[in-house]
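Student: Enclosed is the structure file structure33.txt (compact mmCIF, C-alpha atoms and all ligand atoms).
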```txt
# COMPACT_ATOMS: atom_id res chain seq x y z
CA MET E 1 32.26 18.89 -1.49
CA ARG E 2 28.89 18.02 0.08
CA ARG E 3 25.80 18.36 -2.09
CA TYR E 4 22.79 20.13 -0.64
CA SER E 5 19.37 20.97 -2.03
CA ARG E 6 17.89 24.44 -2.09
CA ILE E 7 14.47 25.90 -2.96
CA THR E 8 14.90 28.16 -5.98
CA GLY E 9 11.25 28.90 -6.77
CA THR E 10 7.78 28.60 -5.27
CA GLY E 11 4.29 28.62 -6.75
CA SER E 12 0.70 27.91 -5.86
CA TYR E 13 -2.80 27.69 -7.28
CA LEU E 14 -6.26 27.95 -5.77
CA PRO E 15 -9.35 27.06 -7.81
CA PRO E 16 -11.48 30.18 -8.39
CA ARG E 17 -14.61 29.06 -6.51
CA ARG E 18 -14.21 30.56 -3.02
CA LEU E 19 -16.74 29.86 -0.28
CA THR E 20 -16.81 31.90 2.90
CA ASN E 21 -18.15 30.22 6.02
CA ALA E 22 -21.46 32.01 5.40
CA ASP E 23 -21.59 30.66 1.81
CA LEU E 24 -20.89 27.12 3.01
CA ALA E 25 -23.37 27.43 5.90
CA ALA E 26 -26.08 28.50 3.42
CA GLU E 27 -25.32 25.51 1.13
CA LEU E 28 -25.35 23.12 4.08
CA ALA E 29 -28.57 24.61 5.49
CA ALA E 30 -30.30 23.73 2.21
CA LYS E 31 -29.38 20.09 2.99
CA GLY E 32 -30.59 20.36 6.59
CA VAL E 33 -27.07 20.61 8.09
CA GLU E 34 -26.65 23.42 10.61
CA THR E 35 -23.40 25.35 11.14
CA SER E 36 -22.31 28.97 11.49
CA ASP E 37 -19.45 31.34 10.74
CA GLU E 38 -19.05 31.91 14.52
CA TRP E 39 -18.64 28.20 15.32
CA ILE E 40 -16.15 27.57 12.50
CA VAL E 41 -14.03 30.67 13.24
CA GLU E 42 -13.95 30.08 16.99
CA ARG E 43 -13.02 26.36 16.82
CA THR E 44 -10.74 26.42 13.77
CA GLY E 45 -9.77 29.94 12.62
CA ILE E 46 -11.10 29.10 9.13
CA ARG E 47 -13.02 31.87 7.32
CA ALA E 48 -13.00 30.64 3.70
CA ARG E 49 -11.90 27.77 1.45
CA HIS E 50 -11.70 27.09 -2.29
CA PHE E 51 -13.41 24.17 -4.04
CA ALA E 52 -12.39 22.88 -7.47
CA ALA E 53 -14.97 22.52 -10.26
CA PRO E 54 -16.15 18.91 -10.78
CA ASP E 55 -13.98 18.33 -13.88
CA VAL E 56 -10.78 19.73 -12.30
CA THR E 57 -8.31 17.22 -10.87
CA THR E 58 -5.36 17.24 -8.49
CA SER E 59 -2.91 17.15 -11.42
CA ASP E 60 -4.63 20.22 -12.95
CA LEU E 61 -4.15 22.22 -9.73
CA GLY E 62 -0.61 20.86 -9.26
CA ALA E 63 0.43 21.69 -12.83
CA GLN E 64 -0.65 25.33 -12.38
CA ALA E 65 1.35 25.61 -9.15
CA ALA E 66 4.33 23.88 -10.78
CA ARG E 67 4.33 26.31 -13.74
CA GLN E 68 4.47 29.24 -11.30
CA ALA E 69 7.33 27.65 -9.34
CA LEU E 70 9.29 27.02 -12.56
CA GLU E 71 8.78 30.64 -13.58
CA ALA E 72 9.99 31.83 -10.16
CA ALA E 73 13.07 29.58 -10.45
CA SER E 74 13.65 30.85 -14.02
CA ILE E 75 14.07 27.36 -15.44
CA PRO E 76 12.16 25.54 -18.21
CA ALA E 77 10.14 22.41 -17.35
CA SER E 78 12.54 20.43 -19.56
CA ASP E 79 15.31 20.95 -16.93
CA ILE E 80 13.35 18.98 -14.32
CA ASP E 81 14.63 15.45 -13.66
CA LEU E 82 12.34 14.47 -10.74
CA ILE E 83 8.66 15.13 -9.97
CA ILE E 84 7.11 14.17 -6.64
CA VAL E 85 3.46 14.90 -5.93
CA ALA E 86 2.23 14.64 -2.36
CA THR E 87 -1.48 13.87 -2.45
CA SER E 88 -4.21 11.71 -0.94
CA THR E 89 -6.68 12.64 -3.67
CA PRO E 90 -4.96 11.53 -6.90
CA ASP E 91 -6.77 11.78 -10.25
CA MET E 92 -6.95 7.98 -10.62
CA VAL E 93 -6.14 4.81 -8.67
CA PHE E 94 -3.21 4.65 -11.08
CA PRO E 95 -1.11 6.01 -12.74
CA SER E 96 0.15 8.55 -10.24
CA ALA E 97 -0.89 12.20 -10.33
CA ALA E 98 2.84 12.91 -10.85
CA CYS E 99 2.88 11.08 -14.21
CA ILE E 100 -0.31 12.83 -15.37
CA LEU E 101 1.10 16.19 -14.24
CA GLN E 102 4.43 15.52 -15.99
CA ASN E 103 2.54 15.11 -19.27
CA LYS E 104 0.57 18.33 -18.62
CA LEU E 105 3.90 20.17 -18.25
CA GLY E 106 4.82 18.86 -21.70
CA ILE E 107 7.83 16.87 -20.51
CA GLY E 108 8.63 13.17 -20.35
CA GLY E 109 11.38 10.80 -19.27
CA CYS E 110 12.18 12.04 -15.78
CA ALA E 111 11.23 10.09 -12.64
CA ALA E 112 7.73 10.91 -11.39
CA PHE E 113 5.79 9.42 -8.48
CA ASP E 114 3.30 10.25 -5.72
CA VAL E 115 3.89 10.27 -1.98
CA GLN E 116 0.91 9.41 0.22
CA ALA E 117 1.34 10.69 3.77
CA VAL E 118 -1.88 12.75 3.93
CA CYS E 119 -1.28 16.13 5.63
CA SER E 120 2.43 15.31 6.20
CA GLY E 121 2.81 14.54 2.50
CA PHE E 122 4.71 17.67 1.57
CA VAL E 123 7.40 17.32 4.26
CA TYR E 124 7.73 13.63 3.32
CA ALA E 125 8.05 14.51 -0.40
CA LEU E 126 10.53 17.32 0.27
CA THR E 127 12.67 14.99 2.38
CA VAL E 128 12.68 12.31 -0.35
CA ALA E 129 13.61 14.87 -3.03
CA ASP E 130 16.34 16.31 -0.79
CA SER E 131 17.80 12.82 -0.24
CA MET E 132 17.75 12.08 -3.98
CA ILE E 133 19.49 15.37 -4.73
CA GLN E 134 22.10 14.78 -2.01
CA THR E 135 22.97 11.36 -3.48
CA GLY E 136 23.12 12.69 -7.04
CA ALA E 137 20.04 10.74 -8.17
CA ALA E 138 18.43 14.06 -9.16
CA ASN E 139 19.53 17.64 -9.83
CA LYS E 140 16.38 19.70 -10.27
CA ALA E 141 13.16 18.50 -8.68
CA LEU E 142 9.58 19.69 -8.65
CA VAL E 143 7.98 18.93 -5.29
CA ILE E 144 4.25 19.54 -5.28
CA GLY E 145 1.45 19.22 -2.75
CA ALA E 146 -1.96 19.11 -4.44
CA GLU E 147 -5.41 18.06 -3.25
CA VAL E 148 -9.11 18.06 -4.08
CA PHE E 149 -10.29 17.15 -0.58
CA SER E 150 -13.80 18.42 -1.43
CA ARG E 151 -14.25 15.09 -3.32
CA ILE E 152 -13.85 12.97 -0.17
CA LEU E 153 -15.95 15.04 2.25
CA ASP E 154 -19.26 13.95 3.72
CA PHE E 155 -21.36 17.13 3.42
CA SER E 156 -23.86 15.72 5.91
CA ASP E 157 -21.13 15.61 8.62
CA ARG E 158 -20.69 19.16 9.93
CA THR E 159 -17.80 18.11 12.20
CA THR E 160 -15.55 17.52 9.15
CA CYS E 161 -16.97 19.14 5.98
CA VAL E 162 -16.35 22.70 7.20
CA LEU E 163 -12.62 22.10 7.71
CA PHE E 164 -11.15 21.32 4.29
CA GLY E 165 -10.43 22.98 0.95
CA ASP E 166 -8.75 22.34 -2.42
CA GLY E 167 -5.50 23.79 -3.81
CA ALA E 168 -1.88 23.18 -4.73
CA GLY E 169 1.57 24.48 -3.89
CA ALA E 170 4.92 23.68 -5.47
CA VAL E 171 8.63 24.28 -5.09
CA VAL E 172 11.61 23.80 -7.39
CA LEU E 173 14.42 22.15 -5.42
CA GLU E 174 17.89 22.31 -6.97
CA ALA E 175 21.33 20.89 -6.13
CA SER E 176 23.54 23.47 -4.45
CA ASP E 177 26.95 23.81 -2.76
CA THR E 178 25.30 25.54 0.19
CA PRO E 179 22.17 24.60 2.19
CA GLY E 180 19.24 24.75 1.57
CA ILE E 181 17.67 22.00 3.53
CA LEU E 182 19.48 21.66 6.87
CA ALA E 183 17.71 18.69 8.47
CA SER E 184 14.47 16.74 8.48
CA ASP E 185 12.68 14.28 10.73
CA LEU E 186 9.87 11.93 9.61
CA HIS E 187 7.66 9.56 11.61
CA ALA E 188 4.54 7.43 11.42
CA ASP E 189 2.50 5.33 13.84
CA GLY E 190 -0.01 3.09 12.11
CA LYS E 191 -1.88 2.20 15.28
CA HIS E 192 -3.77 5.49 14.89
CA VAL E 193 -5.22 4.65 11.44
CA GLY E 194 -8.79 4.85 12.73
CA ILE E 195 -8.78 8.43 14.06
CA LEU E 196 -8.41 9.98 10.61
CA CYS E 197 -9.10 7.99 7.46
CA VAL E 198 -11.13 7.49 4.29
CA PRO E 199 -11.91 3.80 4.71
CA GLY E 200 -13.34 3.06 1.25
CA THR E 201 -11.50 1.23 -1.52
CA VAL E 202 -12.06 0.03 -5.10
CA SER E 203 -12.63 -3.71 -5.49
CA GLY E 204 -14.31 -5.88 -8.10
CA GLY E 205 -15.49 -2.86 -10.05
CA GLN E 206 -17.16 -1.25 -7.02
CA VAL E 207 -16.35 1.06 -4.15
CA LEU E 208 -16.17 -1.01 -0.98
CA GLY E 209 -16.55 0.73 2.37
CA ASP E 210 -17.28 4.39 2.98
CA PRO E 211 -15.21 6.62 0.65
CA VAL E 212 -15.53 9.79 2.76
CA LEU E 213 -13.36 11.30 5.46
CA LYS E 214 -13.86 10.09 9.06
CA MET E 215 -12.17 11.89 11.93
CA ASP E 216 -12.07 11.84 15.72
CA GLY E 217 -11.27 15.55 16.00
CA GLN E 218 -10.30 15.62 19.65
CA ALA E 219 -7.96 12.60 19.38
CA VAL E 220 -6.32 14.21 16.31
CA PHE E 221 -5.93 17.51 18.14
CA LYS E 222 -4.15 15.97 21.15
CA LEU E 223 -1.80 13.86 19.03
CA ALA E 224 -1.01 16.70 16.62
CA VAL E 225 0.15 19.18 19.26
CA GLY E 226 2.54 16.70 20.92
CA VAL E 227 4.16 15.33 17.77
CA LEU E 228 4.61 18.75 16.15
CA GLU E 229 6.66 19.93 19.12
CA ASP E 230 8.73 16.71 19.12
CA ALA E 231 9.42 16.86 15.37
CA ALA E 232 10.49 20.50 15.51
CA ARG E 233 12.86 19.88 18.42
CA ALA E 234 14.36 16.75 16.81
CA THR E 235 14.95 18.62 13.55
CA LEU E 236 16.55 21.59 15.29
CA ALA E 237 18.84 19.22 17.23
CA LYS E 238 19.94 17.44 14.03
CA ALA E 239 20.84 20.83 12.49
CA GLY E 240 22.58 22.09 15.66
CA LYS E 241 20.08 24.98 15.91
CA THR E 242 17.59 26.27 18.48
CA GLU E 243 14.10 27.76 18.36
CA ALA E 244 15.72 31.20 18.34
CA ASP E 245 17.16 30.45 14.87
CA ILE E 246 13.69 30.06 13.33
CA ASP E 247 12.56 33.09 11.32
CA TRP E 248 9.28 31.50 10.20
CA LEU E 249 7.34 28.45 11.39
CA ILE E 250 5.18 27.07 8.55
CA PRO E 251 2.95 24.44 10.14
CA HIS E 252 0.39 22.34 8.33
CA GLN E 253 -2.66 24.59 8.17
CA ALA E 254 -5.28 22.45 9.91
CA ASN E 255 -6.53 24.55 12.75
CA ILE E 256 -5.37 27.84 14.29
CA ARG E 257 -5.59 26.38 17.80
CA ILE E 258 -3.13 23.57 16.91
CA MET E 259 -0.76 26.20 15.47
CA GLN E 260 -1.06 28.44 18.55
CA SER E 261 -0.36 25.51 20.90
CA THR E 262 2.66 24.43 18.85
CA ALA E 263 4.06 27.98 18.74
CA LYS E 264 3.60 28.31 22.50
CA LYS E 265 5.43 25.03 23.18
CA LEU E 266 8.28 26.20 20.94
CA LYS E 267 8.25 29.64 22.61
CA LEU E 268 7.69 31.32 19.24
CA PRO E 269 5.47 34.43 19.00
CA MET E 270 2.53 34.09 16.59
CA ASP E 271 4.05 36.82 14.39
CA LYS E 272 6.67 34.23 13.38
CA VAL E 273 4.00 31.72 12.36
CA VAL E 274 2.70 31.67 8.78
CA VAL E 275 -1.11 31.50 8.91
CA THR E 276 -3.21 30.92 5.79
CA VAL E 277 -5.76 28.48 7.27
CA ASP E 278 -8.17 31.43 7.58
CA GLN E 279 -8.27 31.82 3.78
CA HIS E 280 -7.54 28.27 2.54
CA GLY E 281 -8.99 25.92 5.17
CA ASN E 282 -7.14 22.63 5.54
CA THR E 283 -5.78 21.64 2.10
CA SER E 284 -3.89 18.61 3.47
CA ALA E 285 -0.62 18.01 1.54
CA ALA E 286 -1.03 21.34 -0.28
CA SER E 287 -1.26 23.48 2.84
CA ILE E 288 2.45 23.97 3.59
CA PRO E 289 3.60 24.87 0.04
CA LEU E 290 0.52 27.10 -0.37
CA ALA E 291 1.41 28.92 2.87
CA LEU E 292 5.09 29.15 1.89
CA ASP E 293 4.29 30.63 -1.52
CA ALA E 294 1.81 33.13 -0.04
CA TRP E 295 4.48 34.45 2.35
CA VAL E 296 7.17 34.53 -0.35
CA ARG E 297 4.89 36.49 -2.68
CA ASN E 298 3.76 38.95 0.01
CA GLY E 299 7.44 39.67 0.71
CA LYS E 300 7.46 38.51 4.35
CA ILE E 301 9.75 35.51 3.73
CA LYS E 302 13.10 36.76 2.43
CA LYS E 303 16.12 35.03 0.92
CA GLY E 304 18.29 33.62 3.73
CA ASP E 305 15.43 33.26 6.26
CA THR E 306 15.42 30.03 8.27
CA LEU E 307 12.12 28.18 7.88
CA MET E 308 10.66 25.29 9.88
CA LEU E 309 8.07 23.36 7.86
CA GLU E 310 5.93 20.94 9.87
CA GLY E 311 3.26 18.44 8.91
CA VAL E 312 0.95 16.06 10.75
CA GLY E 313 -1.86 13.95 9.39
CA GLY E 314 -3.55 10.62 8.78
CA GLY E 315 -1.54 7.50 9.22
CA PHE E 316 -0.70 8.87 11.75
CA THR E 317 2.24 10.62 10.08
CA TRP E 318 4.27 13.60 11.13
CA GLY E 319 7.53 15.32 10.34
CA ALA E 320 9.48 18.54 9.94
CA VAL E 321 12.02 20.09 7.56
CA LEU E 322 14.35 22.94 8.57
CA LEU E 323 15.82 24.98 5.72
CA ASP E 324 17.55 28.18 4.79
CA PHE E 325 15.45 29.82 2.09
N1 LIG G 1 -21.01 23.74 13.33
C1 LIG G 1 -21.70 23.87 14.47
N2 LIG G 1 -21.58 23.00 15.49
C2 LIG G 1 -20.73 21.97 15.33
C3 LIG G 1 -19.98 21.79 14.17
C4 LIG G 1 -20.15 22.72 13.13
N3 LIG G 1 -19.48 22.64 11.98
N4 LIG G 1 -19.23 20.67 14.30
C5 LIG G 1 -19.50 20.18 15.54
N5 LIG G 1 -20.39 20.96 16.16
C6 LIG G 1 -20.95 20.80 17.50
C7 LIG G 1 -20.96 19.37 17.96
O1 LIG G 1 -22.10 18.69 17.48
C8 LIG G 1 -20.96 19.53 19.45
O2 LIG G 1 -22.25 19.82 19.86
P1 LIG G 1 -22.84 19.21 21.25
O3 LIG G 1 -21.95 19.79 22.32
O4 LIG G 1 -24.23 19.70 21.27
O5 LIG G 1 -22.69 17.72 21.12
C9 LIG G 1 -20.11 20.78 19.68
O6 LIG G 1 -20.10 21.47 18.41
C10 LIG G 1 -18.70 20.48 20.09
O7 LIG G 1 -18.16 19.48 19.22
P2 LIG G 1 -16.71 18.92 19.38
O8 LIG G 1 -16.46 17.88 18.35
O9 LIG G 1 -16.51 18.56 20.83
O10 LIG G 1 -15.88 20.25 19.06
P3 LIG G 1 -14.37 20.52 19.25
O11 LIG G 1 -14.19 21.66 20.16
O12 LIG G 1 -13.58 19.28 19.52
O13 LIG G 1 -13.98 21.05 17.81
C11 LIG G 1 -12.72 20.29 15.93
C12 LIG G 1 -14.02 20.15 16.70
C13 LIG G 1 -12.64 21.70 15.36
C14 LIG G 1 -12.73 19.30 14.77
C15 LIG G 1 -11.57 20.03 16.90
O14 LIG G 1 -11.70 18.80 17.54
C16 LIG G 1 -10.25 20.07 16.23
O15 LIG G 1 -9.76 21.14 15.91
N6 LIG G 1 -9.61 18.92 16.02
C17 LIG G 1 -8.37 18.85 15.31
C18 LIG G 1 -8.65 18.14 14.09
C19 LIG G 1 -8.25 18.85 12.85
O16 LIG G 1 -7.97 20.02 12.77
N7 LIG G 1 -8.25 18.04 11.86
C20 LIG G 1 -7.93 18.45 10.58
C21 LIG G 1 -7.52 17.25 9.85
S1 LIG G 1 -6.23 16.49 10.64
C22 LIG G 1 -4.91 17.19 10.17
O17 LIG G 1 -4.91 17.90 9.22
C23 LIG G 1 -3.78 16.92 11.01
```
Output the file's structure in the form of structure tokens.
Tutor:
Amino acid sequence: MRRYSRITGTGSYLPPRRLTNADLAAELAAKGVETSDEWIVERTGIRARHFAAPDVTTSDLGAQAARQALEAASIPASDIDLIIVATSTPDMVFPSAACILQNKLGIGGCAAFDVQAVCSGFVYALTVADSMIQTGAANKALVIGAEVFSRILDFSDRTTCVLFGDGAGAVVLEASDTPGILASDLHADGKHVGILCVPGTVSGGQVLGDPVLKMDGQAVFKLAVGVLEDAARATLAKAGKTEADIDWLIPHQANIRIMQSTAKKLKLPMDKVVVTVDQHGNTSAASIPLALDAWVRNGKIKKGDTLMLEGVGGGFTWGAVLLDF
């Protein structure tokens, strides 16, 4: 009998400090940077974001989300035999945020590693965990997307610092006789490194290069819309399904206009699209599991619904996962 993987619990965590656009605009104005609620809402759909306190790390946020997912799955942390954290803002250069988080959950021994695919990180991590469960390498996995993007923002650059937020989302993925994950499709094209990157690195005891986010917004926008449509169609084809089978599209929450364009290309009404970017901003690898958990907890996503998860981000990376919830 074929082994599948299935999500059995979801969880999420947002740090308590919430800034509306007006709050952020006031903080930026004090530094001589001009922006407005109107501009941010019109161009991005973002109304608020959460920022972690200075001493709070990615593994702190991820561990909170993981605890909630374990509770929802009704299993103890000690049952977990694989932890994958998708992040571009790990606590340290090494070890991985996954190892630090494993220790915070009070467990040890199981495989734990990070996946770095920026805003596509969660669909990459979910695909890796699914593959490991299908082959029997794991039985019960925690797949987490967690970020503190506020640490890598340039608050003098209004074209980027208004877009991002911090947070974490998690799922428990367990082996099952029935799907679960139906198909996935992952891609990358490294020739686009320069349009979205944090070019700094640690060398010789110093930070070399600029350790803050750089983005060509319009180039990202154009690429994102095209690849999200392609990834969704490829994933549907692999699963022998069509757009009509999708109950909920859960795209990476970067920008409402990217989501609207993707939905239009897939001929999906916006009431089938999960939107949390207004409240969370862009939380990179955390955005999809945060959105999933929000819609599970508000009762809109129900057991048996077919979900299309889609990510796109720096690298350039992109991908999609189709699953029965
Ligand atoms: N507040 C006020 N004005 C601003 C701000 C701001 N925060 N940022 C830029 N502006 C100004 C610019 O200076 C410019 O002014 P000018 O015309 O006088 O020169 C004007 O607004 C227009 O700027 P553009 O950069 O052309 O604005 P655009 O319509 O392209 O919107 C945006 C920028 C929102 C970044 C858009 O390009 C976009 O959505 N790109 C997609 C990128 C994205 O969402 N990335 C997220 C990370 S990537 C990922 O997650 C996949």
Student: Report the distance between atom CA of E:Thr283 and atom CA of E:Ala224 in Å, rounded to one decimal place.
Tutor: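 Result for atom CA of E:Thr283 versus atom CA of E:Ala224: 16.1 Å, one decimal.
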Student: Contacts of stretch 54-68 of chain E at 7 Å or less, counting all atoms listed in the file, minus same-chain residues fewer than 2 places along, as a PyMOL selection string?
Tutor: chain E and resi 10-13+52+70-72+89-91+97+100-101+104-105+144+146-148+167-170
Student: Ligand LIG 1 (chain G): which residues are within 6 Å, counting all atoms listed in the file? Reply as a list in words.
Tutor: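 Those within range of ligand LIG 1 (chain G) are Thr35, Ser36, Trp39, Ile40, Arg43, Thr44, Cys119, Arg158, Thr159, Val162, Gly217, Gln218, Val220, Phe221, Ala254, Asn255, Ser284, Val312 and Gly313 of chain E.
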Student: Atom CA of E:Lys140 and atom CA of E:Ile83 are how many Å apart?
Tutor: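 Between these atoms lies a distance of 9.0 Å.
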Student: For E:Ala69, which of E:Glu310, E:Asp305, E:Asp293, E:Glu174 is the closest residue, counting only C-alpha atoms?
Tutor: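 Among the listed residues, the smallest separation from E:Ala69 belongs to E:Asp293.
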Student: In Å, with one decimal, what is the gap from atom CA of E:Ala239 to atom CA of E:Leu322?
Tutor: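 Between atom CA of E:Ala239 and atom CA of E:Leu322 the gap is 7.9 Å.
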Student: What are the nearest atom pairs, with distances in Å to one decimal, for all residues of stretch 167-233 of chain E that come at most 9 Å from stretch 266-276 of chain E, using only C-alpha atoms, set out by chain and rising residue number as JSON lines?
Tutor:
```
{"residue": "E:Glu229", "atom": "CA", "partner": "E:Leu266", "partner_atom": "CA", "distance": 6.7}
{"residue": "E:Ala232", "atom": "CA", "partner": "E:Leu266", "partner_atom": "CA", "distance": 8.2}
{"residue": "E:Arg233", "atom": "CA", "partner": "E:Leu266", "partner_atom": "CA", "distance": 8.2}
```
Student: Pick the closest to E:Tyr124 from E:Asp79, E:Glu38, E:Asp157, E:Asp185: which is it, counting only C-alpha atoms?
Tutor: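 Checking each candidate against E:Tyr124, we get E:Asp185 as the closest.
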Student: Which residue gives the smallest distance to E:Asp37 among E:Leu309, E:Ala137, E:Ala291, E:Leu163, with all atoms listed in the file counted?
Tutor: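 Of all the options, E:Leu163 lies closest to E:Asp37.
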Student: Rank nothing, just name the residue among E:Asp81, E:Glu243, E:Asp130, E:Asp166 nearest to E:Lys264, using all atoms listed in the file.
Tutor: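 Using all atoms listed in the file, the shortest distance to E:Lys264 belongs to E:Glu243.
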